[in-house]
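A quick write-up on the structure given underneath.
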Amino acid sequence: MNNELPENRFPTSLLEENDGPGRNPTDNRTMGEIIAARFSRRGFLRGSLAVSAIAATVSPLALITADNARAAGGSAFNFEEVEAGVDENHHVAAGYDADILLRWGDALFADAPEFKPTAQTAAAQAKQFGYNNDYVGFIPIDGSSEHGLLVVNHEYTNPHLMFPGLVTIEEKDGKKAIKQAPLSKEQVDVEMAAHGGTVVEIRKVDGKWQVVKDGKLNRRITSNTEMQITGPAAGSDRLKTNADATGTKVFGTFNNCAGGVTPWGTYIMAEENIHGYFSGELPADHKEAANYKRMGIPEGAYEWAAHYDRFDVAKEPNEANRFGWIVEVDVNDPTSAPKKRTAMGRFKHEGAESIVNKDGRVVFYLGDDERFDYVYKFVTAGTYNAADRAANMDLLDDGTLYVAKFSEDGSVEWLPVVFGQGPLTADNGFASQADVLIETRHAADLLGATKMDRPEDVQPNGVNGKVYVMLTNNTKRKAEQIDAANPRAENAFGHIIEIAEDGGDFAATKGKWEVLLKCGDPSVADVGATFSTSTTANGWFGMPDNCAVDSAGRLWVATDGQGPKATGRTDGLWAVDTEGDARATSKLFFRVPVGAEMCGPLFTPDDQTGFVAVQHPADGGDDWKPFGRPSYYEDLSTRWPDFKPDMPVRPSVVVITKQGGGKIAV
């Protein structure tokens, strides 16, 4: 039986939007309220466009970089800007090559089968590159910037783009109605195999990157890979299921959005929108009912529960507690069980970017990607040992998780999410640190953390000592909910916050913050964007999502949610100046095909190669006039990157190099 789709949109495409008005029930102050209280419009514009007044310890390299930027006319970036727009292909700045490195279905092993889109199997997909590549990381082999392991998250699947014969369009009351047929068990199995992550050896040969299919460390991680649960919540009764009476073993990971690579060379996968994979109904008086409501569970965008009881909360009520964690993978051992590190909290993790602090402890910055949720950081108890990799392998099981509270005086306080401290006691339903971590959101609610506009990537910058927080958007924020760090009601375009931790100490519990950018079209006064006047009509952007800091300390920002209707341009990768007179200047370097989101980005240590992930191309198209109708397998708004009639659209990793060699944007 066909299922008519609400709003004529596909359920997996709506997964990130289905959090509705935000599930934070508290009256904690929002960042918009704080920003509004901190700045008058005049003072805010002056402060946000000038060199930041907040203090941080700046390395000599940062001073050199800033001097070089000023000598070059202000900007730290040197390239010819791409023209913003919308079409079927990708575009990169003049003088650069943007080559397809890995496509959905590409073989990762010498014995992997050829991709056959009309005859997909789970067994084949488990040996092929997965779907919807998001985070991209690079782990050098023997310190090389031209030979290493590429690690890639496969966040989610779009069955209407993956499988033929699912979608029909019918006329109903003079309007077109889209229907999507239920997935078979075999198709669900393919979906489950297409989730997870990829570890693959790559090498630069004669100036071009290629996959090493017989690489001994190549690996696919899927929704069925056996994993260990470690840290304070391991063994909790709330993590025990019919399949695992110990609460320490779980099968699979999914909806891995951004991620990270640790200083000791392991791969971090961050579980984000887990709510969409669970169906069924819990009784209102069930002990997990409030916990699951705070996480939006069950949401049911995926049909996995129709074939596997563990995704039905009525049949397996604890299974959902086993997802929403940070997963660490030892890439040096492809037979090792990935570990879900519960000390780092359970929420909708966007990523986990890290930096070694000056005292040797390692600090991870974490965003909870939902409207009105929080920014976190995790500080290891132990210190990093650069001479002994094995000594670092369990650093993530012991440390302190903090949540951010931003104040209108420009200060930020990191509040410990620790059982027994403040309100995190038995009086509020917590019996242990395991309970605090399983219900991290509830714990942060009680601590009074600041409600943010979809915090996504949070990137520490070891060159200038700052931390950059990407806040994608929040159109649900009302005028009475604005605050100093979330300054706009109906914030459609998002903003970027810059933090300087006290004394240049990333483990500090206090710091200062500033708004680097309010995003959107600066030519529209009501938008209130704050790009510098040097930013061109191609240079502005909205919806900041992923970001990267290259070895020179320069900020690169990728976007998610731009499109013909919202901005008249596709998502892409922008270079953003953060220092000197060019601060808040942005330039478009790469743009994606219609319907796609820009993920990654990542640069090799020598800054001569950039990797970007083009996610869900062709998901949409009805608001793009040259297409103007729903996009699905048989009728796609683009067939990127192959452009062959017998090939569907394929999410892919693109590798960018400068023609003739050299550093990017220099």
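Every chain in the structure tokens takes a letter, A first, then B, and so on in the order presented; its residues are numbered from 1, and the ligands are numbered from 1 following the presented order.
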
Quick one: DSSP alpha helix (DSSP H) residues in range 362-605 of chain A, as a ChimeraX atom specification?
/A:433-438,440-447

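In terms of minimum interatomic distance to Asp237 in chain A, A:Ala431 ranks closest within A:Met192, A:Ile497, A:Ala431, A:Val199, counting only C-alpha atoms.
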
List the spatial neighbours of range 402-405 of chain A as a VMD selection string - criterion: any atom at most 10 Å away, only C-alpha atoms, same-chain residues fewer than 4 positions off excluded.
chain A and resid 28 to 31 344 to 345 365 to 367 374 to 379 411 to 418 440 to 441 443 to 445 447 to 452 485 507 509 to 510

Enumerate as a ChimeraX atom specification all residues of range 92-330 of chain A assigned to strand (DSSP E) by DSSP on the backbone, naming them with the chain letters and numbers the document uses.
/A:92,96-103,133-140,147-154,167-172,175-180,196-205,208-211,219-221,226-230,249-251,256-261,267-271,326-329

Pick out the closest residue to Glu328 in chain A from this set: A:Gln210, A:Thr230, A:Thr241, A:Thr383. Count only C-alpha atoms.
A:Thr230

Just checking: using only C-alpha atoms, which residue out of A:Asp526, A:Asp27, A:Asp106, A:Glu16 ends up closest to Glu272 in chain A?
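Ranked by minimum distance to Glu272 in chain A, first place goes to A:Glu16.
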
How many Å lie between CA of Ile141 in chain A and CA of Lys339 in chain A, rounded to one decimal?
22.7 Å
